[in-house]
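Undergrad: Submitted below is the structure of interest, expressed as structure tokens.
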Amino acid sequence: MLIANYGYKDGSGEYFIALDTAKCDGCGKCAEVCPASVLEVIPNDFDIDDGNIMSVQEEHRHKLKYSCAPCKKTGGDDDPPCVSACPTQAITHFLSTAKGQML
Ligand code: SF4
Ligand code: SF4
């Protein structure tokens, strides 16, 4: 298993989108449902024989806290659209504030 982490940690919390590259087949369903165009499908640099793979767009990598705010949890247990859309459970979010609140 190879995990690609996109994001950052600062004084207010941790904001990462992690991708299990072995599970991602580049289908693009996550990018299609993302309301903020955070995700994209690119050639798989982790395995040049293996087609495409999901990535987090460069301009969003240091502001996921804000870019993913439209999907923040409002008390329910629903996964963000990108996680729900992924048929292989390749995406994990680590969006937590310093106070322990999940976003
Ligand atoms: S949490 Fe929402 S905004 Fe963030 S990558 Fe997923 S679908 Fe896009
Ligand atoms: S929906 Fe899942 S398998 Fe498809 S591109 Fe996104 S992360 Fe990869």
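To be explicit about the labels: the chains of the structure tokens are called A, B, and onward in the order shown, and within each one the residues are counted from 1, while ligands get numbers from 1 in the order they are shown.
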Excluding range 34-41 of chain A and any residue of its chain fewer than 5 positions from it, enumerate the residues within 9 Å of it, using only C-alpha atoms, and give them as a list in words.
TA: Gly26, Cys27, Gly28, Lys29, Asn52, Ile53, Met54, Ser55, Val56, Gln57, Glu58, Glu59, His60, Arg61, Leu64, Ser67, Cys68, Pro70, Cys71, Pro80, Pro81 and Cys82 of chain A
Undergrad: Taking N, CA and C atoms for each residue, export the selection above as a CSV table (one decimal), in the first residue's frame.
TA:
chain,number,residue,atom,x,y,z
A,26,GLY,N,-8.2,5.7,-11.0
A,26,GLY,CA,-8.3,6.9,-11.9
A,26,GLY,C,-9.6,7.1,-12.6
A,27,CYS,N,-10.7,6.5,-12.0
A,27,CYS,CA,-12.0,6.6,-12.6
A,27,CYS,C,-12.6,8.0,-12.7
A,28,GLY,N,-12.1,8.9,-11.8
A,28,GLY,CA,-12.5,10.3,-11.8
A,28,GLY,C,-13.9,10.6,-11.1
A,29,LYS,N,-14.5,9.6,-10.5
A,29,LYS,CA,-15.8,9.9,-9.9
A,29,LYS,C,-15.7,10.9,-8.8
A,52,ASN,N,-4.2,6.4,-15.0
A,52,ASN,CA,-4.4,7.7,-14.2
A,52,ASN,C,-4.6,7.4,-12.8
A,53,ILE,N,-4.6,8.6,-12.0
A,53,ILE,CA,-4.8,8.5,-10.6
A,53,ILE,C,-5.3,9.8,-10.1
A,54,MET,N,-6.0,9.8,-9.0
A,54,MET,CA,-6.6,11.0,-8.4
A,54,MET,C,-5.4,11.8,-7.8
A,55,SER,N,-5.6,13.2,-7.8
A,55,SER,CA,-4.6,14.0,-7.2
A,55,SER,C,-5.4,15.3,-6.7
A,56,VAL,N,-4.8,15.9,-5.7
A,56,VAL,CA,-5.4,17.2,-5.2
A,56,VAL,C,-4.7,18.3,-6.0
A,57,GLN,N,-5.5,19.2,-6.6
A,57,GLN,CA,-4.9,20.3,-7.4
A,57,GLN,C,-3.9,21.1,-6.5
A,58,GLU,N,-2.8,21.5,-7.1
A,58,GLU,CA,-1.8,22.2,-6.4
A,58,GLU,C,-2.3,23.4,-5.6
A,59,GLU,N,-3.1,24.2,-6.3
A,59,GLU,CA,-3.6,25.4,-5.6
A,59,GLU,C,-4.5,25.2,-4.4
A,60,HIS,N,-4.9,23.9,-4.2
A,60,HIS,CA,-5.8,23.7,-3.0
A,60,HIS,C,-5.0,23.0,-1.9
A,61,ARG,N,-3.8,22.6,-2.1
A,61,ARG,CA,-3.1,21.7,-1.2
A,61,ARG,C,-2.8,22.4,0.1
A,64,LEU,N,-6.9,23.4,2.2
A,64,LEU,CA,-8.0,22.4,2.2
A,64,LEU,C,-9.0,22.8,3.2
A,67,SER,N,-11.1,25.1,1.2
A,67,SER,CA,-11.6,24.5,0.0
A,67,SER,C,-12.7,23.4,0.3
A,68,CYS,N,-12.5,22.6,1.3
A,68,CYS,CA,-13.4,21.5,1.7
A,68,CYS,C,-14.5,22.0,2.7
A,70,PRO,N,-17.2,23.5,2.2
A,70,PRO,CA,-18.6,23.2,1.7
A,70,PRO,C,-19.1,21.8,2.1
A,71,CYS,N,-18.1,20.9,2.4
A,71,CYS,CA,-18.5,19.5,2.7
A,71,CYS,C,-18.4,19.2,4.2
A,80,PRO,N,-17.9,13.0,3.1
A,80,PRO,CA,-17.9,14.0,2.0
A,80,PRO,C,-18.2,13.3,0.7
A,81,PRO,N,-18.7,14.1,-0.3
A,81,PRO,CA,-19.1,13.5,-1.6
A,81,PRO,C,-17.9,12.7,-2.3
A,82,CYS,N,-16.7,13.2,-2.2
A,82,CYS,CA,-15.6,12.5,-2.8
A,82,CYS,C,-15.4,11.1,-2.2
Undergrad: Would you mind writing down, as a ChimeraX atom specification, each residue of chain A that DSSP on the backbone assigns to strand (DSSP E or B)?
TA: /A:3-10,13-20,39-43,52-56,91-97,102
Undergrad: Please, could you write that set of residues out with C-alpha atoms as a PDB file, in the first residue's frame?
TA:
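Below is the file again.pdb, written as the result:
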ATOM      1  CA  ILE A   3      -0.398   6.468   0.574  1.00  0.00           C
ATOM      2  CA  ALA A   4      -0.177   9.879  -1.051  1.00  0.00           C
ATOM      3  CA  ASN A   5      -0.894  12.664   1.428  1.00  0.00           C
ATOM      4  CA  TYR A   6      -1.963  16.097   0.274  1.00  0.00           C
ATOM      5  CA  GLY A   7      -2.412  18.853   2.787  1.00  0.00           C
ATOM      6  CA  TYR A   8      -0.831  20.545   5.769  1.00  0.00           C
ATOM      7  CA  LYS A   9      -0.880  20.976   9.510  1.00  0.00           C
ATOM      8  CA  ASP A  10      -0.971  24.338  11.251  1.00  0.00           C
ATOM      9  CA  GLY A  13      -5.494  21.654  13.040  1.00  0.00           C
ATOM     10  CA  GLU A  14      -4.663  19.054  10.410  1.00  0.00           C
ATOM     11  CA  TYR A  15      -6.063  19.124   6.910  1.00  0.00           C
ATOM     12  CA  PHE A  16      -5.089  16.213   4.727  1.00  0.00           C
ATOM     13  CA  ILE A  17      -6.583  14.186   1.941  1.00  0.00           C
ATOM     14  CA  ALA A  18      -4.890  10.794   1.784  1.00  0.00           C
ATOM     15  CA  LEU A  19      -5.088   8.546  -1.245  1.00  0.00           C
ATOM     16  CA  ASP A  20      -4.355   4.835  -1.248  1.00  0.00           C
ATOM     17  CA  LEU A  39      -9.586  16.975  -7.139  1.00  0.00           C
ATOM     18  CA  GLU A  40      -8.259  16.065 -10.545  1.00  0.00           C
ATOM     19  CA  VAL A  41      -7.190  12.945 -12.412  1.00  0.00           C
ATOM     20  CA  ILE A  42      -3.605  12.892 -13.626  1.00  0.00           C
ATOM     21  CA  PRO A  43      -1.189  10.333 -15.091  1.00  0.00           C
ATOM     22  CA  ASN A  52      -4.384   7.659 -14.242  1.00  0.00           C
ATOM     23  CA  ILE A  53      -4.796   8.483 -10.598  1.00  0.00           C
ATOM     24  CA  MET A  54      -6.560  11.033  -8.436  1.00  0.00           C
ATOM     25  CA  SER A  55      -4.631  14.042  -7.176  1.00  0.00           C
ATOM     26  CA  VAL A  56      -5.350  17.202  -5.221  1.00  0.00           C
ATOM     27  CA  ILE A  91      -9.812   8.380  -0.157  1.00  0.00           C
ATOM     28  CA  THR A  92      -9.459   9.315   3.496  1.00  0.00           C
ATOM     29  CA  HIS A  93      -9.813  12.787   4.955  1.00  0.00           C
ATOM     30  CA  PHE A  94      -7.948  14.044   7.985  1.00  0.00           C
ATOM     31  CA  LEU A  95      -9.694  17.303   8.600  1.00  0.00           C
ATOM     32  CA  SER A  96      -9.566  17.999  12.319  1.00  0.00           C
ATOM     33  CA  THR A  97      -9.226  21.203  14.274  1.00  0.00           C
ATOM     34  CA  MET A 102     -13.930  17.089  12.678  1.00  0.00           C
TER      35      MET A 102
END
Undergrad: When distances are computed from only C-alpha atoms and all ligand atoms, which of A:Ser84, A:Asp45, A:Tyr66, A:Ala90 shows the smallest separation from ligand 2?
TA: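 Among the listed residues, A:Ala90 lies closest to ligand 2.
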Undergrad: Determine which residues of range 13-74 of chain A receive a DSSP assignment of alpha helix (DSSP H), computed from the backbone, and state them as a PyMOL selection string.
TA: chain A and resi 29-33+64-67
Undergrad: Restricting it to C-alpha atoms, dump the selection as a tab-separated table (two decimals), in the first residue's frame.
TA:
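out32.tsv, written as the output of this step:
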chain	number	residue	atom	x	y	z
A	29	LYS	CA	-15.81	9.86	-9.91
A	30	CYS	CA	-14.42	11.79	-6.93
A	31	ALA	CA	-13.45	14.75	-9.10
A	32	GLU	CA	-16.86	14.76	-10.80
A	33	VAL	CA	-18.73	15.24	-7.52
A	64	LEU	CA	-7.98	22.41	2.20
A	65	LYS	CA	-9.50	23.80	5.37
A	66	TYR	CA	-11.25	26.36	3.23
A	67	SER	CA	-11.64	24.47	-0.03
Undergrad: Separation of CA of His62 in chain A and CA of Pro87 in chain A, in Å?
TA: 26.5 Å
